[in-house]
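Peer 1: Quick one: structure below, then a few questions.
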Amino acid sequence: MSFGQVSNFTFSELNTSHGLSDNQVRYILQLEDGRMVFTTSGNINIYDGYKFKYIHRSNKDIATLTKYDGHYRIYQSNDSLLWIKDQYKLMSINLKKERYVKQPLAFLNRTGISQPLQDFFLDDHKRIWLLSNEGLLQPQSKLSIENLTQFGRLQDLGSNGDFLYLFYNTGAVVCYDLKMQKQMYSTNAYALSDLENYDRTSMVVKAKMGFYQLRNGLQGGFFFFNPKTRTWKTILETPYILNTLDITDKNKAYISCLKGIWEIDLNENIKNYLPSLKTIDGNIIKTQISTLFYDFQGALWIGTFNRGLLYHHPSRFSFRKIGPNYFQQSTLEDLAVQSFAEDVNGSIYIKTNTSYYQYHIKSNDSVYLSEVKWESLSRDVINQLNNSTQTTTYKDKSYTVLFTDSRNWVWGGTSDGLELFRHIDESGKMIHVEDGLVNNFIHAILEDQHNQLWITTSNGISKIKVEPKTEALHFTNFNELDGTLTGEYLNDAAYQSQDGTLFFGGVDGFNTLSSNPILVPDLPFKPLLRLLRIHGNKIEPLHNYDNRVILEQTTPLVKELNLKYNENFLTLEYAPLNYINNEKTYYRYRLIGVDKDWVTVNPGYTIDGVLNINYTNLQPGTYELYVMTSNRIDEWQGKKSKLKITINPPWWRSPIAYIGYCVGILTLTFTALYFYMRYTKNKIAQQHREEILLLRIRNLIEQRKTFEETQEEPEASEDFTTEDPVQKPADIAFLNKAIEIVEKNLNAPNYTVENLSSDLNMERTGLYRKLTKLLEESPSHFIRNLRLKKAKQLILEGDLTITEIADRVGFSSSSYLSKCFKEVYGCTPSNYSENTKKST
């Protein structure tokens, strides 16, 4: 067994000041969607890289496990449930609702367990196994395994295909064939004489080649079981308890213990022990480590008993920060690193506001500074350190710093942006935060071996990469999470050594950056929908809005929105799940049906790395929103987050409403057509009756003339039947008298049916019956038609105007005459007069 050099871990802290509920961390887990779960003594914390969300519990949320006395454990099952085991306790959280399941035992009792529950397990296929006096039961398949106690007390289990592996406190592992439902073999990790050393707790983690097990008793042990060879291997034994185990995809093991952590390369069998941990500021943390977790992004999370969380990722602190604790300051003045120099031997020297220092790197890659006297420095080093002779004026304008790069471009730093002159005869182009800079106050400019520009500002560093063909500028910004100074940088305090290392000086220290390109890992998760606002109002999951629940599950799990027509002003907030550095995340999004192309959002336009997407007045329809994230603006190879948004039309624009409109229009059309046809038919019938009436009146008048001339009653014509009522002499005499009376009163507009019935010595009802029987017309039409007949005669004579004719035949006005005339003869009196004149 060999021990290697201690790894150079640098951690950043995450505690109650950042939103963690309390600093006593007990367990760490990562959900499948990428969110982190931190269990503390007081709460469950769900973290999306931006904010913490808490899940509170009550006594009703806790069930009893009669035989479990091990450490705190969390499992995630396929049904969006988290199962939490503590000493003699079992709890469950519904992730869709982000709340505890009330009475979890009642939930499990539906599976058929009637005996008290002794323990709870989840295998590597996320199948639940329940332990009771009756044996081990798998609820979904109803598979049960009995006679478990002969090997000791069951502490843990794992699975691989159809094989289930049962781990006991005696060190035994039993392989059980689920398909054949029989025991295959058993083997022990250690002899029974070592039982008391390891029989207390167990934690099993499945890896590619087998199962790794952490055991505790009087001491701690780390073992490996190979199912193919059915053999055990002891990897590590310690005189103290080992708390938590995690295995990376590169086959490295991380183990937490009372003081520090173990890092073990399982391929090379190299073990590194870190009894203390170092923060980015150089502080040393010596505290009890309760748990740890290696996440899907390649970061190591450390949970402590009283210091909260520690986070390490190799790409996070790409800049090495040399803070005040590295300097031997002899005064109370603030530290300011002003310049750098290098001698012929490659030694680096640093000038501060009070002293000179030499920069040293030890064999283990650690750094220290030694103070040097000014007299011991060479003339060349002194000239480099005193670089105040550099000009800061260009084209009659003063700058904080001037720099000419390898393209002969001139870059001028100002207190409000960066000015670029690509050609000497062209005017400069100003570059600000809106264009990609991390900050507008420019202090130093440097070009590295890869022709990239490095810009120090009052708040971070910007790297500018120039596209060779298009000369487009691509910005990458670095902040405190990358290891940059918390204070501002100083003017022209930037230097590149012979080996390509970059140095950036400022207030309270300086940064160094290796000449190797910064490798930024891809983001492994889809961006997460963390908040929905409608008309600016936050929508809470499971909350009732006007008797309707808009979000039926917690926001990160929402895949579809179904909204009313007036819920069409949306704000959607997305978190990138970029734990390395949220604020350096690039976004692009597109709403199919609205956006013609992708909309790209640079880090400077997000709030703490969180994207806000706004859409106003969305029309009814179905849309699909796609959101992507990246650590690099020129690469978009990550996963897309998809959200289906349906804006329903108002009821008066719904398909049912349109069907109703069509039915209504058709009904109105057919009704109108029916009444029009009925009206037309009645009008034609009325005109026909009036024509017959006029014909009969004309015949009666002629018959009256003939009667007067011969003074004899006309004989019935052979052309008429005896059934024709007008051929009777008495009826003809009656009609002749009626016609005579009306003609005498034609010029009286107020001559009415009442007057006619009076002159005929008849009641109005009798007159109506008589005329209707003889002429099939009412008395009023009888009077009107005689007036019209006289009007027609006067029109033909042509001596009177229409107005005079109307007055002569008893019409109240010429317009009323025209209306009645047109109804009977089909044209107005004036048209009738013109047509008559033309025909003659």
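The way I read the labels, and the way they are meant: chains A, B, ... in the order of the structure tokens, residue 1 as the first residue of every chain, and ligand 1 as the first ligand shown, with later ones counted on from there.
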Neighbours of Gly152 of chain A within 12 Å (only C-alpha atoms; same-chain residues fewer than 5 positions away dropped), as an MDAnalysis selection string?

Peer 2: chainID A and resid 147 166:174 188 192 195 199

Peer 1: When you look at Leu178 of chain A with a cut-off of 6 Å (counting only C-alpha atoms), what residues show up, excluding the ones that are within fewer than 2 positions of it in the same chain? I need them as a ChimeraX atom specification.

Peer 2: /A:162-163,180-181

Peer 1: What is the distance, in Å and to one decimal place, between atom CA of Asp61 of chain A and atom CA of Arg99 of chain A?

Peer 2: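 Interatomic distance, atom CA of Asp61 of chain A to atom CA of Arg99 of chain A: 9.7 Å.
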
Peer 1: Between atom CA of Ile455 of chain A and atom CA of Lys351 of chain A, what is the distance in Å, rounded to a tenth?

Peer 2: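 Atom CA of Lys351 of chain A lies 20.1 Å from atom CA of Ile455 of chain A.
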
Peer 1: Write out as a compact mmCIF listing (two decimals) with all heavy atoms, in the first residue's frame the residues lying within 12 Å of Thr244 of chain A, counting only C-alpha atoms and excluding same-chain residues fewer than 2 positions away.

Peer 2:
# COMPACT_ATOMS: atom_id res chain seq x y z
N ARG A 26 -26.06 16.88 7.46
CA ARG A 26 -26.06 15.46 7.78
C ARG A 26 -26.00 14.56 6.56
O ARG A 26 -25.52 13.43 6.64
CB ARG A 26 -27.32 15.12 8.60
CG ARG A 26 -27.45 15.93 9.89
CD ARG A 26 -28.55 15.39 10.76
NE ARG A 26 -28.26 14.02 11.17
CZ ARG A 26 -29.13 13.23 11.80
NH1 ARG A 26 -30.34 13.69 12.08
NH2 ARG A 26 -28.81 12.00 12.14
N TYR A 27 -26.52 15.03 5.40
CA TYR A 27 -26.52 14.16 4.22
C TYR A 27 -26.63 15.03 2.98
O TYR A 27 -27.24 16.12 3.02
CB TYR A 27 -27.68 13.18 4.27
CG TYR A 27 -27.48 11.95 3.41
CD1 TYR A 27 -26.75 10.86 3.88
CD2 TYR A 27 -28.00 11.87 2.13
CE1 TYR A 27 -26.55 9.73 3.11
CE2 TYR A 27 -27.81 10.74 1.34
CZ TYR A 27 -27.08 9.67 1.83
OH TYR A 27 -26.89 8.57 1.05
N ILE A 28 -26.06 14.55 1.87
CA ILE A 28 -26.08 15.27 0.58
C ILE A 28 -26.51 14.30 -0.50
O ILE A 28 -26.04 13.16 -0.56
CB ILE A 28 -24.71 15.88 0.24
CG1 ILE A 28 -24.21 16.78 1.38
CG2 ILE A 28 -24.77 16.66 -1.06
CD1 ILE A 28 -22.79 17.28 1.18
N LEU A 29 -27.41 14.76 -1.36
CA LEU A 29 -27.91 13.95 -2.47
C LEU A 29 -28.19 14.86 -3.64
O LEU A 29 -28.53 16.04 -3.46
CB LEU A 29 -29.20 13.22 -2.06
CG LEU A 29 -29.87 12.34 -3.13
CD1 LEU A 29 -29.07 11.06 -3.33
CD2 LEU A 29 -31.30 11.98 -2.69
N GLY A 70 -28.72 2.78 12.17
CA GLY A 70 -27.55 3.26 11.45
C GLY A 70 -27.54 4.76 11.23
O GLY A 70 -28.28 5.52 11.88
N HIS A 71 -26.69 5.20 10.29
CA HIS A 71 -26.55 6.62 9.99
C HIS A 71 -27.71 7.10 9.12
O HIS A 71 -28.49 6.33 8.58
CB HIS A 71 -25.21 6.87 9.27
CG HIS A 71 -24.02 6.65 10.13
ND1 HIS A 71 -23.94 7.12 11.41
CD2 HIS A 71 -22.83 6.01 9.88
CE1 HIS A 71 -22.76 6.81 11.93
NE2 HIS A 71 -22.08 6.11 11.02
N TYR A 72 -27.74 8.41 8.95
CA TYR A 72 -28.76 9.08 8.14
C TYR A 72 -28.57 8.69 6.67
O TYR A 72 -27.47 8.74 6.13
CB TYR A 72 -28.59 10.59 8.31
CG TYR A 72 -29.77 11.42 7.90
CD1 TYR A 72 -30.70 11.86 8.84
CD2 TYR A 72 -29.97 11.79 6.58
CE1 TYR A 72 -31.78 12.65 8.48
CE2 TYR A 72 -31.04 12.57 6.20
CZ TYR A 72 -31.94 13.00 7.16
OH TYR A 72 -33.00 13.78 6.78
N ARG A 73 -29.67 8.29 6.00
CA ARG A 73 -29.61 7.89 4.59
C ARG A 73 -30.81 8.47 3.84
O ARG A 73 -31.91 8.61 4.41
CB ARG A 73 -29.65 6.36 4.46
CG ARG A 73 -28.47 5.65 5.10
CD ARG A 73 -27.22 5.81 4.29
NE ARG A 73 -27.33 5.26 2.97
CZ ARG A 73 -27.13 3.97 2.65
NH1 ARG A 73 -26.82 3.10 3.60
NH2 ARG A 73 -27.23 3.56 1.41
N THR A 201 -22.46 -0.26 11.66
CA THR A 201 -23.17 0.36 10.52
C THR A 201 -22.57 -0.08 9.20
O THR A 201 -21.43 -0.55 9.14
CB THR A 201 -23.11 1.91 10.59
OG1 THR A 201 -21.74 2.33 10.47
CG2 THR A 201 -23.71 2.42 11.88
N SER A 202 -23.37 0.09 8.14
CA SER A 202 -22.92 -0.29 6.80
C SER A 202 -23.44 0.72 5.78
O SER A 202 -24.55 1.24 5.91
CB SER A 202 -23.46 -1.68 6.45
OG SER A 202 -23.34 -1.93 5.06
N MET A 203 -22.61 1.01 4.79
CA MET A 203 -23.02 1.81 3.64
C MET A 203 -22.45 1.18 2.38
O MET A 203 -21.24 1.02 2.26
CB MET A 203 -22.54 3.26 3.77
CG MET A 203 -23.00 4.15 2.63
SD MET A 203 -22.47 5.87 2.84
CE MET A 203 -23.28 6.63 1.43
N VAL A 204 -23.33 0.79 1.44
CA VAL A 204 -22.92 0.10 0.22
C VAL A 204 -23.13 1.01 -0.98
O VAL A 204 -24.19 1.63 -1.13
CB VAL A 204 -23.71 -1.21 0.04
CG1 VAL A 204 -23.38 -1.86 -1.30
CG2 VAL A 204 -23.41 -2.16 1.18
N VAL A 205 -22.12 1.11 -1.84
CA VAL A 205 -22.19 1.90 -3.07
C VAL A 205 -21.81 0.99 -4.23
O VAL A 205 -20.74 0.37 -4.22
CB VAL A 205 -21.26 3.12 -3.01
CG1 VAL A 205 -21.30 3.86 -4.35
CG2 VAL A 205 -21.66 4.05 -1.88
N TYR A 212 -18.77 -1.45 -3.26
CA TYR A 212 -17.88 -0.94 -2.22
C TYR A 212 -18.70 -0.76 -0.95
O TYR A 212 -19.84 -0.29 -0.99
CB TYR A 212 -17.25 0.38 -2.64
CG TYR A 212 -16.23 0.22 -3.74
CD1 TYR A 212 -16.61 0.33 -5.07
CD2 TYR A 212 -14.91 -0.06 -3.44
CE1 TYR A 212 -15.68 0.19 -6.09
CE2 TYR A 212 -13.96 -0.22 -4.46
CZ TYR A 212 -14.36 -0.10 -5.78
OH TYR A 212 -13.43 -0.26 -6.78
N GLN A 213 -18.11 -1.14 0.18
CA GLN A 213 -18.82 -1.08 1.45
C GLN A 213 -17.98 -0.37 2.51
O GLN A 213 -16.80 -0.64 2.67
CB GLN A 213 -19.17 -2.49 1.95
CG GLN A 213 -20.05 -2.47 3.20
CD GLN A 213 -20.41 -3.87 3.67
OE1 GLN A 213 -19.64 -4.81 3.49
NE2 GLN A 213 -21.57 -4.02 4.28
N LEU A 214 -18.65 0.57 3.18
CA LEU A 214 -18.07 1.25 4.32
C LEU A 214 -18.67 0.65 5.58
O LEU A 214 -19.90 0.57 5.70
CB LEU A 214 -18.40 2.74 4.24
CG LEU A 214 -17.41 3.73 4.88
CD1 LEU A 214 -16.07 3.66 4.17
CD2 LEU A 214 -17.99 5.14 4.78
N ARG A 215 -17.80 0.18 6.52
CA ARG A 215 -18.31 -0.46 7.74
C ARG A 215 -17.71 0.22 8.95
O ARG A 215 -16.57 0.71 8.92
CB ARG A 215 -17.97 -1.95 7.76
CG ARG A 215 -18.57 -2.74 6.59
CD ARG A 215 -18.70 -4.21 6.98
NE ARG A 215 -19.53 -4.34 8.17
CZ ARG A 215 -20.86 -4.44 8.13
NH1 ARG A 215 -21.49 -4.44 6.97
NH2 ARG A 215 -21.56 -4.55 9.24
N ASN A 216 -18.48 0.25 10.06
CA ASN A 216 -18.02 0.85 11.30
C ASN A 216 -18.41 -0.02 12.48
O ASN A 216 -19.41 -0.74 12.44
CB ASN A 216 -18.62 2.25 11.50
CG ASN A 216 -18.01 3.26 10.57
OD1 ASN A 216 -16.82 3.54 10.64
ND2 ASN A 216 -18.83 3.82 9.67
N GLY A 220 -13.11 1.73 11.74
CA GLY A 220 -13.71 1.90 10.42
C GLY A 220 -13.02 1.05 9.39
O GLY A 220 -11.81 0.79 9.48
N GLY A 221 -13.77 0.58 8.38
CA GLY A 221 -13.20 -0.24 7.33
C GLY A 221 -13.85 0.05 5.98
O GLY A 221 -15.04 0.38 5.89
N PHE A 222 -13.04 -0.09 4.93
CA PHE A 222 -13.49 0.14 3.56
C PHE A 222 -13.16 -1.11 2.75
O PHE A 222 -12.00 -1.51 2.64
CB PHE A 222 -12.80 1.37 2.99
CG PHE A 222 -13.19 1.71 1.57
CD1 PHE A 222 -14.49 1.57 1.12
CD2 PHE A 222 -12.23 2.19 0.69
CE1 PHE A 222 -14.84 1.89 -0.18
CE2 PHE A 222 -12.56 2.52 -0.62
CZ PHE A 222 -13.88 2.36 -1.05
N ILE A 241 -14.10 6.18 13.11
CA ILE A 241 -15.29 5.93 12.30
C ILE A 241 -15.19 6.64 10.95
O ILE A 241 -14.73 7.79 10.87
CB ILE A 241 -16.55 6.38 13.05
CG1 ILE A 241 -16.79 5.51 14.28
CG2 ILE A 241 -17.78 6.35 12.16
CD1 ILE A 241 -17.94 5.97 15.14
N LEU A 242 -15.63 5.94 9.94
CA LEU A 242 -15.74 6.52 8.59
C LEU A 242 -17.23 6.82 8.33
O LEU A 242 -18.07 5.94 8.47
CB LEU A 242 -15.20 5.55 7.55
CG LEU A 242 -13.74 5.11 7.76
CD1 LEU A 242 -13.36 4.06 6.73
CD2 LEU A 242 -12.80 6.31 7.69
N ASP A 246 -18.46 7.89 -1.32
CA ASP A 246 -18.95 8.12 -2.68
C ASP A 246 -17.86 7.70 -3.66
O ASP A 246 -16.66 7.87 -3.39
CB ASP A 246 -19.34 9.58 -2.91
CG ASP A 246 -20.34 9.73 -4.05
OD1 ASP A 246 -20.73 8.71 -4.64
OD2 ASP A 246 -20.73 10.87 -4.35
N ILE A 247 -18.30 7.14 -4.79
CA ILE A 247 -17.39 6.65 -5.83
C ILE A 247 -17.64 7.45 -7.11
O ILE A 247 -18.79 7.58 -7.55
CB ILE A 247 -17.59 5.15 -6.11
CG1 ILE A 247 -17.56 4.35 -4.80
CG2 ILE A 247 -16.54 4.64 -7.09
CD1 ILE A 247 -16.23 4.34 -4.11
N ALA A 253 -12.49 7.07 -4.87
CA ALA A 253 -13.35 7.00 -3.69
C ALA A 253 -13.07 8.20 -2.80
O ALA A 253 -11.90 8.57 -2.59
CB ALA A 253 -13.11 5.71 -2.94
N TYR A 254 -14.15 8.79 -2.29
CA TYR A 254 -14.03 9.86 -1.30
C TYR A 254 -14.77 9.41 -0.04
O TYR A 254 -15.93 8.98 -0.11
CB TYR A 254 -14.62 11.16 -1.83
CG TYR A 254 -13.81 11.78 -2.94
CD1 TYR A 254 -14.11 11.54 -4.27
CD2 TYR A 254 -12.71 12.59 -2.64
CE1 TYR A 254 -13.36 12.10 -5.29
CE2 TYR A 254 -11.94 13.16 -3.66
CZ TYR A 254 -12.28 12.90 -4.98
OH TYR A 254 -11.52 13.45 -5.99
N ILE A 255 -14.09 9.52 1.09
CA ILE A 255 -14.64 9.06 2.36
C ILE A 255 -14.50 10.18 3.38
O ILE A 255 -13.40 10.74 3.55
CB ILE A 255 -13.92 7.80 2.86
CG1 ILE A 255 -14.02 6.68 1.82
CG2 ILE A 255 -14.49 7.34 4.20
CD1 ILE A 255 -13.17 5.47 2.16
N SER A 256 -15.60 10.51 4.05
CA SER A 256 -15.54 11.51 5.11
C SER A 256 -15.34 10.82 6.46
O SER A 256 -15.79 9.69 6.66
CB SER A 256 -16.83 12.33 5.13
OG SER A 256 -17.94 11.51 5.48
N CYS A 257 -14.66 11.53 7.35
CA CYS A 257 -14.42 10.99 8.68
C CYS A 257 -14.45 12.13 9.68
O CYS A 257 -14.78 13.28 9.34
CB CYS A 257 -13.10 10.23 8.73
SG CYS A 257 -11.69 11.16 8.12
N LEU A 258 -14.13 11.83 10.92
CA LEU A 258 -14.25 12.84 11.96
C LEU A 258 -13.40 14.06 11.67
O LEU A 258 -13.82 15.20 11.88
CB LEU A 258 -13.87 12.24 13.32
CG LEU A 258 -14.81 11.16 13.86
CD1 LEU A 258 -14.29 10.62 15.19
CD2 LEU A 258 -16.20 11.73 14.04
N GLY A 260 -11.35 15.57 8.51
CA GLY A 260 -10.87 15.54 7.15
C GLY A 260 -11.55 14.51 6.27
O GLY A 260 -12.59 13.93 6.62
N ILE A 261 -10.93 14.26 5.11
CA ILE A 261 -11.47 13.31 4.13
C ILE A 261 -10.34 12.46 3.57
O ILE A 261 -9.18 12.82 3.58
CB ILE A 261 -12.19 14.04 2.97
CG1 ILE A 261 -11.21 14.91 2.18
CG2 ILE A 261 -13.36 14.87 3.49
CD1 ILE A 261 -11.82 15.52 0.93
N TRP A 262 -10.75 11.27 3.06
CA TRP A 262 -9.84 10.39 2.33
C TRP A 262 -10.18 10.47 0.84
O TRP A 262 -11.34 10.47 0.45
CB TRP A 262 -10.01 8.94 2.78
CG TRP A 262 -9.33 8.61 4.08
CD1 TRP A 262 -9.85 8.67 5.32
CD2 TRP A 262 -7.99 8.14 4.22
NE1 TRP A 262 -8.94 8.29 6.26
CE2 TRP A 262 -7.77 7.95 5.61
CE3 TRP A 262 -6.95 7.87 3.33
CZ2 TRP A 262 -6.56 7.51 6.11
CZ3 TRP A 262 -5.75 7.41 3.84
CH2 TRP A 262 -5.55 7.23 5.21
N ILE A 289 -16.08 16.29 9.58
CA ILE A 289 -16.78 16.12 8.31
C ILE A 289 -17.87 15.07 8.50
O ILE A 289 -17.58 13.92 8.82
CB ILE A 289 -15.81 15.70 7.19
CG1 ILE A 289 -14.63 16.67 7.11
CG2 ILE A 289 -16.54 15.62 5.87
CD1 ILE A 289 -15.01 18.09 6.82
N SER A 290 -19.11 15.47 8.28
CA SER A 290 -20.22 14.55 8.51
C SER A 290 -20.56 13.74 7.26
O SER A 290 -20.91 12.56 7.34
CB SER A 290 -21.46 15.32 8.96
OG SER A 290 -21.78 16.34 8.03
N THR A 291 -20.45 14.36 6.10
CA THR A 291 -20.86 13.68 4.87
C THR A 291 -20.18 14.33 3.68
O THR A 291 -19.61 15.43 3.80
CB THR A 291 -22.39 13.73 4.70
OG1 THR A 291 -22.78 12.95 3.56
CG2 THR A 291 -22.88 15.16 4.51
N LEU A 292 -20.22 13.64 2.55
CA LEU A 292 -19.69 14.22 1.32
C LEU A 292 -20.44 13.64 0.13
O LEU A 292 -21.13 12.61 0.22
CB LEU A 292 -18.18 13.99 1.19
CG LEU A 292 -17.62 12.55 1.26
CD1 LEU A 292 -17.86 11.77 0.00
CD2 LEU A 292 -16.13 12.61 1.55
N PHE A 293 -20.30 14.30 -1.03
CA PHE A 293 -20.98 13.85 -2.24
C PHE A 293 -20.23 14.38 -3.45
O PHE A 293 -19.85 15.55 -3.51
CB PHE A 293 -22.43 14.36 -2.27
CG PHE A 293 -23.24 13.85 -3.43
CD1 PHE A 293 -23.85 12.61 -3.37
CD2 PHE A 293 -23.38 14.61 -4.58
CE1 PHE A 293 -24.59 12.14 -4.44
CE2 PHE A 293 -24.11 14.15 -5.65
CZ PHE A 293 -24.72 12.90 -5.59
N TYR A 294 -20.02 13.49 -4.43
CA TYR A 294 -19.37 13.85 -5.69
C TYR A 294 -20.47 13.96 -6.74
O TYR A 294 -21.10 12.96 -7.11
CB TYR A 294 -18.34 12.79 -6.08
CG TYR A 294 -17.43 13.18 -7.21
CD1 TYR A 294 -16.27 13.91 -6.97
CD2 TYR A 294 -17.72 12.83 -8.52
CE1 TYR A 294 -15.41 14.27 -8.00
CE2 TYR A 294 -16.88 13.19 -9.56
CZ TYR A 294 -15.73 13.91 -9.30
OH TYR A 294 -14.90 14.27 -10.32
N TRP A 301 -18.77 17.97 -2.83
CA TRP A 301 -19.47 18.70 -1.77
C TRP A 301 -19.10 18.07 -0.43
O TRP A 301 -19.14 16.85 -0.28
CB TRP A 301 -20.98 18.62 -1.96
CG TRP A 301 -21.50 19.24 -3.22
CD1 TRP A 301 -21.56 18.68 -4.45
CD2 TRP A 301 -22.06 20.56 -3.35
NE1 TRP A 301 -22.12 19.54 -5.36
CE2 TRP A 301 -22.44 20.71 -4.71
CE3 TRP A 301 -22.29 21.60 -2.47
CZ2 TRP A 301 -23.03 21.87 -5.20
CZ3 TRP A 301 -22.87 22.76 -2.95
CH2 TRP A 301 -23.23 22.90 -4.30
N ILE A 302 -18.77 18.91 0.54
CA ILE A 302 -18.41 18.45 1.88
C ILE A 302 -19.44 19.02 2.86
O ILE A 302 -19.69 20.23 2.87
CB ILE A 302 -17.00 18.91 2.29
CG1 ILE A 302 -15.96 18.39 1.29
CG2 ILE A 302 -16.68 18.47 3.70
CD1 ILE A 302 -15.76 16.91 1.31
N GLY A 303 -20.03 18.15 3.67
CA GLY A 303 -20.93 18.61 4.73
C GLY A 303 -20.25 18.51 6.07
O GLY A 303 -19.65 17.48 6.41
N THR A 304 -20.31 19.58 6.85
CA THR A 304 -19.65 19.61 8.15
C THR A 304 -20.70 19.62 9.26
O THR A 304 -21.89 19.86 9.02
CB THR A 304 -18.74 20.85 8.28
OG1 THR A 304 -19.56 22.03 8.39
CG2 THR A 304 -17.83 20.97 7.07

Peer 1: In Å, with one decimal, what is the gap from atom CA of Asn617 of chain A to atom CA of Glu434 of chain A?

Peer 2: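 For atom CA of Asn617 of chain A relative to atom CA of Glu434 of chain A, the distance reads 27.4 Å.
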
Peer 1: Find the residues around Ser276 of chain A up to 9 Å (only C-alpha atoms counted), leave out those fewer than 6 positions away in its own chain, and share them as number ranges by chain.

Peer 2: A: 259-261, 284-287

Peer 1: Which residues, written as a compact mmCIF listing (two decimals) with N, CA and C atoms, in the first residue's frame, have at least one atom at most 6 Å from Asn439 of chain A, with only C-alpha atoms counted and residues fewer than 6 positions away on the same chain left out?

Peer 2:
# COMPACT_ATOMS: atom_id res chain seq x y z
N VAL A 433 -20.02 47.18 -20.54
CA VAL A 433 -20.62 45.98 -19.95
C VAL A 433 -21.70 45.41 -20.86
N THR A 457 -10.40 44.87 -14.23
CA THR A 457 -11.34 45.96 -13.98
C THR A 457 -11.49 46.17 -12.47
N ASN A 459 -13.98 45.15 -10.91
CA ASN A 459 -14.78 44.04 -10.38
C ASN A 459 -14.64 42.83 -11.30

Peer 1: Quick check for you: according to DSSP on this backbone, which residues of segment 65-287 of chain A are classed as strand (DSSP E or B)? Reply as a PyMOL selection string.

Peer 2: chain A and resi 73-76+81-86+89-94+99-100+119-122+128-132+135-138+143-145+154-160+163-168+172-177+182-188+201-206+211-216+220-226+231-238+242-247+252-257+261-265+270-274+277-279+284-285

Peer 1: Among segment 95-232 of chain A, which ones does DSSP assign to helix (DSSP H, G or I) (computed from the backbone)? Answer as a ChimeraX atom specification.

Peer 2: /A:104-109,149-151,192-198

Peer 1: At a cut-off of 7 Å, using only C-alpha atoms, what residues contact Leu502 of chain A? Leave out same-chain residues fewer than 4 positions from it and give the result as a ChimeraX atom specification.

Peer 2: /A:495-497,512-514

Peer 1: Can I get the residues of segment 39-128 of chain A within 12 Å of segment 8-16 of chain A, each with the closest pair of atoms and their distance in Å to one decimal, using only C-alpha atoms, sorted chain first then ascending number, as JSON lines?

Peer 2:
{"residue": "A:Thr40", "atom": "CA", "partner": "A:Asn15", "partner_atom": "CA", "distance": 10.9}
{"residue": "A:Gly42", "atom": "CA", "partner": "A:Thr16", "partner_atom": "CA", "distance": 12.0}
{"residue": "A:Asn45", "atom": "CA", "partner": "A:Thr16", "partner_atom": "CA", "distance": 11.2}
{"residue": "A:Tyr47", "atom": "CA", "partner": "A:Leu14", "partner_atom": "CA", "distance": 11.1}
{"residue": "A:Gly49", "atom": "CA", "partner": "A:Leu14", "partner_atom": "CA", "distance": 10.7}
{"residue": "A:Tyr50", "atom": "CA", "partner": "A:Leu14", "partner_atom": "CA", "distance": 11.6}
{"residue": "A:Lys51", "atom": "CA", "partner": "A:Leu14", "partner_atom": "CA", "distance": 11.4}
{"residue": "A:Phe52", "atom": "CA", "partner": "A:Thr16", "partner_atom": "CA", "distance": 10.2}

Peer 1: Determine, counting only C-alpha atoms, which protein, DNA and RNA residues have an atom within 12 Å of an atom of segment 648-657 of chain A; residues of the same chain fewer than 2 positions away are not included. Present the result as JSON, numbers by chain.

Peer 2: {"A": [561, 562, 563, 564, 565, 566, 567, 568, 618, 619, 620, 621, 622, 623, 645, 646, 659, 660, 661, 662, 663, 664]}
